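Asks: I am attaching a structure below and will ask some questions about it afterwards.
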Amino acid sequence: MKNLFLAIVVMVFTLPIFAQSGIVKVTITGIENTDGNVVIGIYNSKSTFPVFGKEMQGAKIKPTKTGSLNYTFENLPDGTYAIAVWHDENDNQEMDKNIFGAPKENYGFSKNIFGTFGPPDYEEVLFEVKNGKIVKLTINLE
């Protein structure tokens, strides 16, 4: 009984050492000005992609210069993910569109795939996080 208790204690305290979590380092390019915020979200569900506020993890980043910025998602369990980004230039927390419904603010997705009449399909922009590896992506805003 004492050996069983000891084995359980060892497992409980050493398990976190072996638990792996992934990291996704994202470089966002195509930032044309320093107005507003760049909004980025990582999604693990087709039903929430790319809805602002329904991302698994997300951030609003104030650009300090034009060109590019970097952001890192941490503590991601193994799985497949998609990223959506947009430059919310007027900081109204919504994608502004023209009278035809086309976005007026620059945006982008993982794999730099764009949909014809709206966002790309979730499956088109998926990438894998596995075995605690670091995934590096560049997303170009258009």
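In the structure tokens, each chain is lettered A, B, ... as it comes, each chain's residues begin at 1, and ligands are numbered from 1 in order of appearance.
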Can you tell me, as a short mmCIF file (atom, residue, chain, number, x, y, z; two decimals) with N, CA and C atoms, in the first residue's frame, what residues are no more than 7 Å from stretch 119-126 of chain A when counting only C-alpha atoms, ignoring any on the same chain fewer than 6 positions away?
Replies:
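The result, stored in around.cif:
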```
data_model
loop_
_atom_site.label_atom_id
_atom_site.label_comp_id
_atom_site.auth_asym_id
_atom_site.auth_seq_id
_atom_site.Cartn_x
_atom_site.Cartn_y
_atom_site.Cartn_z
N LYS A 46 -14.40 25.59 -35.75
CA LYS A 46 -15.02 26.14 -36.95
C LYS A 46 -16.22 27.02 -36.60
N PHE A 49 -14.86 30.61 -35.64
CA PHE A 49 -13.92 31.28 -36.54
C PHE A 49 -14.65 32.14 -37.55
N THR A 80 -5.22 21.47 -33.86
CA THR A 80 -5.21 22.30 -35.07
C THR A 80 -5.87 23.64 -34.75
N TYR A 81 -5.32 24.68 -35.37
CA TYR A 81 -5.74 26.05 -35.07
C TYR A 81 -5.80 26.88 -36.35
N ALA A 82 -6.52 27.98 -36.26
CA ALA A 82 -6.56 28.99 -37.32
C ALA A 82 -6.41 30.35 -36.67
N PHE A 109 -5.20 36.05 -42.56
CA PHE A 109 -5.47 34.77 -41.93
C PHE A 109 -4.21 33.90 -41.98
N SER A 110 -4.16 32.90 -41.12
CA SER A 110 -3.06 31.95 -41.20
C SER A 110 -3.03 31.36 -42.61
N LYS A 111 -1.84 31.02 -43.07
CA LYS A 111 -1.56 30.52 -44.41
C LYS A 111 -1.77 31.58 -45.50
N ILE A 113 -4.38 32.88 -46.75
CA ILE A 113 -5.45 32.52 -47.67
C ILE A 113 -6.63 33.46 -47.41
#
```
Asks: For stretch 34-45 of chain A, list every protein, DNA or RNA residue within 8 Å, evaluated using only C-alpha atoms, and leave out those in the same chain fewer than 5 positions away; present the list as a VMD selection string.
Replies: chain A and resid 50 52 54 to 66 79 to 91
Asks: Considering only strand (DSSP E) as DSSP defines it on the backbone, what residues of stretch 32-83 of chain A qualify? List them as a list in words.
Replies: Asn37, Val38, Val39, Ile40, Gly41, Ile42, Tyr43, Gln57, Gly58, Ala59, Lys60, Ile61, Gly67, Ser68, Leu69, Asn70, Tyr71, Thr72, Phe73, Glu74, Asn75, Leu76, Gly79, Thr80, Tyr81, Ala82 and Ile83 of chain A
Asks: Do a neighbour search on A:Gly67 at 10 Å with only C-alpha atoms, toss out local chain neighbours closer than 6 positions, and write the hits as an mmCIF file with C-alpha atoms, in the first residue's frame.
Replies:
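Result file is selection-v1.cif:
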```
data_model
loop_
_atom_site.group_PDB
_atom_site.id
_atom_site.type_symbol
_atom_site.label_atom_id
_atom_site.label_comp_id
_atom_site.auth_asym_id
_atom_site.auth_seq_id
_atom_site.Cartn_x
_atom_site.Cartn_y
_atom_site.Cartn_z
ATOM 1 C CA ILE A 28 2.088 40.388 -38.878
ATOM 2 C CA THR A 29 3.140 42.435 -41.919
ATOM 3 C CA GLY A 30 1.391 45.099 -43.962
ATOM 4 C CA ILE A 31 0.676 47.518 -41.113
ATOM 5 C CA GLU A 32 0.162 50.818 -42.921
ATOM 6 C CA ASN A 33 -0.260 53.185 -39.959
ATOM 7 C CA THR A 34 -0.204 53.321 -36.159
#
```
Asks: Give me, as a list in words, the residues of chain A that a backbone DSSP run labels helix (DSSP H, G or I).
Replies: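 Assigned to helix (DSSP H, G or I), within chain A: Lys2, Asn3, Leu4, Phe5, Leu6, Ala7, Ile8, Val9, Val10, Met11, Val12, Phe13, Thr14, Leu15, Pro16, Ile17, Phe18, Ser110, Lys111, Asn112, Tyr122, Glu123, Glu124 and Val125 of chain A.
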Asks: Take the residues just selected and output them with C-alpha atoms as a PDB file, in the first residue's frame.
Replies:
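File produced: result_21.pdb:
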```pdb
ATOM      1  CA  LYS A   2       2.838   2.350   0.854  1.00  0.00           C
ATOM      2  CA  ASN A   3       4.453   1.683  -2.556  1.00  0.00           C
ATOM      3  CA  LEU A   4       1.182   2.425  -4.355  1.00  0.00           C
ATOM      4  CA  PHE A   5       0.813   5.731  -2.509  1.00  0.00           C
ATOM      5  CA  LEU A   6       4.418   6.642  -3.332  1.00  0.00           C
ATOM      6  CA  ALA A   7       3.889   5.799  -7.014  1.00  0.00           C
ATOM      7  CA  ILE A   8       0.788   8.014  -7.180  1.00  0.00           C
ATOM      8  CA  VAL A   9       2.600  10.923  -5.500  1.00  0.00           C
ATOM      9  CA  VAL A  10       5.513  10.619  -7.943  1.00  0.00           C
ATOM     10  CA  MET A  11       3.125  10.551 -10.920  1.00  0.00           C
ATOM     11  CA  VAL A  12       1.182  13.598  -9.737  1.00  0.00           C
ATOM     12  CA  PHE A  13       4.281  15.695  -9.199  1.00  0.00           C
ATOM     13  CA  THR A  14       6.208  14.627 -12.306  1.00  0.00           C
ATOM     14  CA  LEU A  15       3.338  14.682 -14.800  1.00  0.00           C
ATOM     15  CA  PRO A  16       3.489  18.469 -15.304  1.00  0.00           C
ATOM     16  CA  ILE A  17       7.159  18.155 -16.241  1.00  0.00           C
ATOM     17  CA  PHE A  18       6.214  16.004 -19.206  1.00  0.00           C
ATOM     18  CA  SER A 110      -3.061  31.947 -41.204  1.00  0.00           C
ATOM     19  CA  LYS A 111      -1.563  30.517 -44.412  1.00  0.00           C
ATOM     20  CA  ASN A 112      -2.322  33.920 -46.053  1.00  0.00           C
ATOM     21  CA  TYR A 122     -11.762  27.269 -41.446  1.00  0.00           C
ATOM     22  CA  GLU A 123     -10.228  24.104 -42.904  1.00  0.00           C
ATOM     23  CA  GLU A 124      -8.234  26.118 -45.464  1.00  0.00           C
ATOM     24  CA  VAL A 125      -6.267  28.062 -42.860  1.00  0.00           C
TER      25      VAL A 125
END
```
Asks: Could you jot down the atom CA of A:Asn106 to atom CA of A:Leu141 separation for me, Å, one decimal place?
Replies: 5.4 Å
Asks: Measure the distance from atom CA of A:Ile134 to atom CA of A:Val24 in Å and round it to one decimal.
Replies: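 Going from atom CA of A:Ile134 over to atom CA of A:Val24, I get 5.8 Å.
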Asks: In terms of the shortest atom-to-atom distance over only C-alpha atoms, which of A:Gly108, A:Gly53, A:Gly132, A:Gly118 is closest to A:Gln93?
Replies: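 Using only C-alpha atoms, the shortest distance to A:Gln93 belongs to A:Gly53.
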